[in-house]
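I have placed the structure first, in the form of structure tokens, so that the comments after it can refer back to it.
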Amino acid sequence: MPEQPQTRRGAATYQRILEAATEEFAQHGIAGARVERIVSAARTNKAQLYSYFGDKGQLFDAIFLDSLDSITNTVPIDAEDLADWAVRLYDEYLRRPDLIRLATWTRLERRPIGHLAESHDVHDEHKLSAIASAQAAGRVRPGDPFDIMAMVIAMSMAWSPVSNVYAADSSEPAEVHASRRMLLRECVNQALRPR
């Protein structure tokens, strides 16, 4: 069983490993990631990485679950305004494209069907409950709350790093992003308004 760091120096090394591995996995996926590059970027050694994380697969899992927590905590759902939630997700993908890439590698290399994470209920339960409450109050169209959530997330990813059409970048002009945000907001509102 991997150990957690017990010292401040160990915690700093642990954090450097997470940061270097996040970049490595986001860029190269699970199969393409190299432990040698991770430990070099983290200024540590393989023994330390394996002591903290077990193996490369467990390191990826730790990073991926942390990325799910990050998005959930940074962009909390507002079922009263799902369009705003979609726009805030769009902004987070611009700010942290690595997070969406990690999810894509998980889909490609680990979980080609079904939920993206075994612990999906931990990340989704409060979202589904909020959507169901908004539906019961007549503010969101009827339908399976999971499908509503999936649709909003999919719409928010229209210009994300995994788009099949166009991947946006934070360096694009502000008016371009403003136009996309407005279109996204209008589309989500139109799709999900009560019937």
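We name chains A, B, ... following the order of the structure tokens; residues begin at 1 in each chain, and ligands are numbered from 1 as shown.
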Compile a residue-level contact table for stretch 33-63 of chain A against stretch 82-103 of chain A at a cut-off of 12 Å, reporting for every qualifying residue the shortest atom pair and its distance in Å to one decimal, with only C-alpha atoms counted, rows ordered by chain and ascending number, as JSON lines.
{"residue": "A:Ala33", "atom": "CA", "partner": "A:Leu102", "partner_atom": "CA", "distance": 11.8}
{"residue": "A:Phe60", "atom": "CA", "partner": "A:Leu102", "partner_atom": "CA", "distance": 8.8}
{"residue": "A:Asp61", "atom": "CA", "partner": "A:Leu102", "partner_atom": "CA", "distance": 9.9}
{"residue": "A:Ala62", "atom": "CA", "partner": "A:Leu102", "partner_atom": "CA", "distance": 11.3}
{"residue": "A:Ile63", "atom": "CA", "partner": "A:Leu102", "partner_atom": "CA", "distance": 8.4}
What residues in stretch 42-174 of chain A get the DSSP label alpha helix (DSSP H)? Please answer as a PyMOL selection string.
-> chain A and resi 42+46-53+56-74+82-95+97-109+120-136+145-156+174
If you keep C-alpha atoms, can you produce a file of those selected residues as a PDB file, in the first residue's frame?
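Final output, again15.pdb:
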ATOM      1  CA  ALA A  42       9.569  16.506 -10.205  1.00  0.00           C
ATOM      2  CA  LYS A  46      11.449   6.410  -9.032  1.00  0.00           C
ATOM      3  CA  ALA A  47      11.676   4.901  -5.550  1.00  0.00           C
ATOM      4  CA  GLN A  48      10.011   7.963  -4.057  1.00  0.00           C
ATOM      5  CA  LEU A  49       7.284   7.996  -6.727  1.00  0.00           C
ATOM      6  CA  TYR A  50       6.543   4.298  -6.214  1.00  0.00           C
ATOM      7  CA  SER A  51       6.607   4.727  -2.435  1.00  0.00           C
ATOM      8  CA  TYR A  52       3.935   7.437  -2.625  1.00  0.00           C
ATOM      9  CA  PHE A  53       1.794   6.099  -5.447  1.00  0.00           C
ATOM     10  CA  LYS A  56       2.191   4.367 -12.829  1.00  0.00           C
ATOM     11  CA  GLY A  57      -1.442   3.228 -13.029  1.00  0.00           C
ATOM     12  CA  GLN A  58      -2.133   4.183  -9.425  1.00  0.00           C
ATOM     13  CA  LEU A  59      -0.448   7.537  -9.994  1.00  0.00           C
ATOM     14  CA  PHE A  60      -2.719   8.199 -12.968  1.00  0.00           C
ATOM     15  CA  ASP A  61      -5.782   7.199 -10.920  1.00  0.00           C
ATOM     16  CA  ALA A  62      -4.802   9.592  -8.128  1.00  0.00           C
ATOM     17  CA  ILE A  63      -4.353  12.429 -10.603  1.00  0.00           C
ATOM     18  CA  PHE A  64      -7.546  11.688 -12.483  1.00  0.00           C
ATOM     19  CA  LEU A  65      -9.673  11.542  -9.317  1.00  0.00           C
ATOM     20  CA  ASP A  66      -8.037  14.750  -8.146  1.00  0.00           C
ATOM     21  CA  SER A  67      -8.958  16.368 -11.483  1.00  0.00           C
ATOM     22  CA  LEU A  68     -12.601  15.343 -11.022  1.00  0.00           C
ATOM     23  CA  ASP A  69     -12.564  16.843  -7.537  1.00  0.00           C
ATOM     24  CA  SER A  70     -10.950  19.986  -8.899  1.00  0.00           C
ATOM     25  CA  ILE A  71     -13.643  20.573 -11.512  1.00  0.00           C
ATOM     26  CA  THR A  72     -16.440  19.716  -9.064  1.00  0.00           C
ATOM     27  CA  ASN A  73     -15.071  22.120  -6.445  1.00  0.00           C
ATOM     28  CA  THR A  74     -13.949  24.887  -8.791  1.00  0.00           C
ATOM     29  CA  LEU A  82     -27.484  25.463 -15.874  1.00  0.00           C
ATOM     30  CA  ALA A  83     -26.467  27.807 -18.695  1.00  0.00           C
ATOM     31  CA  ASP A  84     -24.182  29.674 -16.304  1.00  0.00           C
ATOM     32  CA  TRP A  85     -22.742  26.354 -15.141  1.00  0.00           C
ATOM     33  CA  ALA A  86     -21.981  25.447 -18.770  1.00  0.00           C
ATOM     34  CA  VAL A  87     -20.231  28.790 -19.304  1.00  0.00           C
ATOM     35  CA  ARG A  88     -18.182  28.367 -16.138  1.00  0.00           C
ATOM     36  CA  LEU A  89     -17.174  24.876 -17.329  1.00  0.00           C
ATOM     37  CA  TYR A  90     -16.149  26.374 -20.678  1.00  0.00           C
ATOM     38  CA  ASP A  91     -13.951  28.864 -18.818  1.00  0.00           C
ATOM     39  CA  GLU A  92     -12.399  26.124 -16.679  1.00  0.00           C
ATOM     40  CA  TYR A  93     -11.489  24.119 -19.804  1.00  0.00           C
ATOM     41  CA  LEU A  94      -9.724  27.228 -21.123  1.00  0.00           C
ATOM     42  CA  ARG A  95      -7.915  27.685 -17.825  1.00  0.00           C
ATOM     43  CA  PRO A  97      -7.058  22.087 -20.579  1.00  0.00           C
ATOM     44  CA  ASP A  98      -5.019  19.352 -18.894  1.00  0.00           C
ATOM     45  CA  LEU A  99      -8.051  18.321 -16.813  1.00  0.00           C
ATOM     46  CA  ILE A 100     -10.210  17.593 -19.846  1.00  0.00           C
ATOM     47  CA  ARG A 101      -7.329  15.778 -21.537  1.00  0.00           C
ATOM     48  CA  LEU A 102      -6.987  13.484 -18.507  1.00  0.00           C
ATOM     49  CA  ALA A 103     -10.668  12.605 -18.794  1.00  0.00           C
ATOM     50  CA  THR A 104     -10.211  11.880 -22.487  1.00  0.00           C
ATOM     51  CA  TRP A 105      -7.246   9.599 -21.886  1.00  0.00           C
ATOM     52  CA  THR A 106      -9.298   7.790 -19.248  1.00  0.00           C
ATOM     53  CA  ARG A 107     -12.068   7.258 -21.792  1.00  0.00           C
ATOM     54  CA  LEU A 108      -9.624   6.081 -24.474  1.00  0.00           C
ATOM     55  CA  GLU A 109      -7.371   3.872 -22.370  1.00  0.00           C
ATOM     56  CA  HIS A 120     -19.055   8.658 -10.270  1.00  0.00           C
ATOM     57  CA  ASP A 121     -21.727   8.753  -7.572  1.00  0.00           C
ATOM     58  CA  VAL A 122     -19.415  10.784  -5.310  1.00  0.00           C
ATOM     59  CA  HIS A 123     -18.999  13.394  -8.049  1.00  0.00           C
ATOM     60  CA  ASP A 124     -22.499  13.250  -9.526  1.00  0.00           C
ATOM     61  CA  GLU A 125     -24.973  12.656  -6.698  1.00  0.00           C
ATOM     62  CA  HIS A 126     -25.284  16.285  -5.589  1.00  0.00           C
ATOM     63  CA  LYS A 127     -25.519  17.439  -9.219  1.00  0.00           C
ATOM     64  CA  LEU A 128     -28.309  14.987  -9.992  1.00  0.00           C
ATOM     65  CA  SER A 129     -30.149  15.950  -6.826  1.00  0.00           C
ATOM     66  CA  ALA A 130     -29.889  19.656  -7.684  1.00  0.00           C
ATOM     67  CA  ILE A 131     -31.184  19.047 -11.211  1.00  0.00           C
ATOM     68  CA  ALA A 132     -34.063  16.915  -9.918  1.00  0.00           C
ATOM     69  CA  SER A 133     -35.002  19.681  -7.466  1.00  0.00           C
ATOM     70  CA  ALA A 134     -34.961  22.278 -10.252  1.00  0.00           C
ATOM     71  CA  GLN A 135     -37.130  19.970 -12.362  1.00  0.00           C
ATOM     72  CA  ALA A 136     -39.603  19.475  -9.508  1.00  0.00           C
ATOM     73  CA  PRO A 145     -31.326  14.222 -14.414  1.00  0.00           C
ATOM     74  CA  PHE A 146     -28.230  12.300 -15.493  1.00  0.00           C
ATOM     75  CA  ASP A 147     -29.048  12.903 -19.168  1.00  0.00           C
ATOM     76  CA  ILE A 148     -29.655  16.601 -18.465  1.00  0.00           C
ATOM     77  CA  MET A 149     -26.289  16.822 -16.709  1.00  0.00           C
ATOM     78  CA  ALA A 150     -24.546  14.945 -19.529  1.00  0.00           C
ATOM     79  CA  MET A 151     -26.059  17.269 -22.129  1.00  0.00           C
ATOM     80  CA  VAL A 152     -24.949  20.425 -20.326  1.00  0.00           C
ATOM     81  CA  ILE A 153     -21.416  19.057 -19.913  1.00  0.00           C
ATOM     82  CA  ALA A 154     -21.291  18.010 -23.584  1.00  0.00           C
ATOM     83  CA  MET A 155     -22.440  21.447 -24.703  1.00  0.00           C
ATOM     84  CA  SER A 156     -19.831  23.104 -22.479  1.00  0.00           C
ATOM     85  CA  ALA A 174     -11.727  38.127 -25.573  1.00  0.00           C
TER      86      ALA A 174
END
Identify which of the residues A:Glu23, A:Arg16, A:Arg180, A:Gly29 lies closest to A:Arg110, counting only C-alpha atoms when measuring atom-to-atom distances.
->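 Between A:Glu23, A:Arg16, A:Arg180, A:Gly29, the residue approaching A:Arg110 most closely is A:Gly29.
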Go through A:Glu36, A:Glu24, A:Glu80, A:Leu183 one by one, measure the shortest atom-to-atom distance of each to A:Ala137 using only C-alpha atoms, and give the residue with the smallest value.
->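 Among A:Glu36, A:Glu24, A:Glu80, A:Leu183, it is A:Glu80 that comes nearest to A:Ala137.
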By how many Å are atom CA of A:Ile17 and atom CA of A:Ile30 apart?
-> 15.2 Å
When distances are computed from only C-alpha atoms, which of A:Ala12, A:Leu116, A:Val140, A:Met157 shows the smallest separation from A:Asn189?
->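 Among the listed residues, the smallest separation from A:Asn189 belongs to A:Val140.
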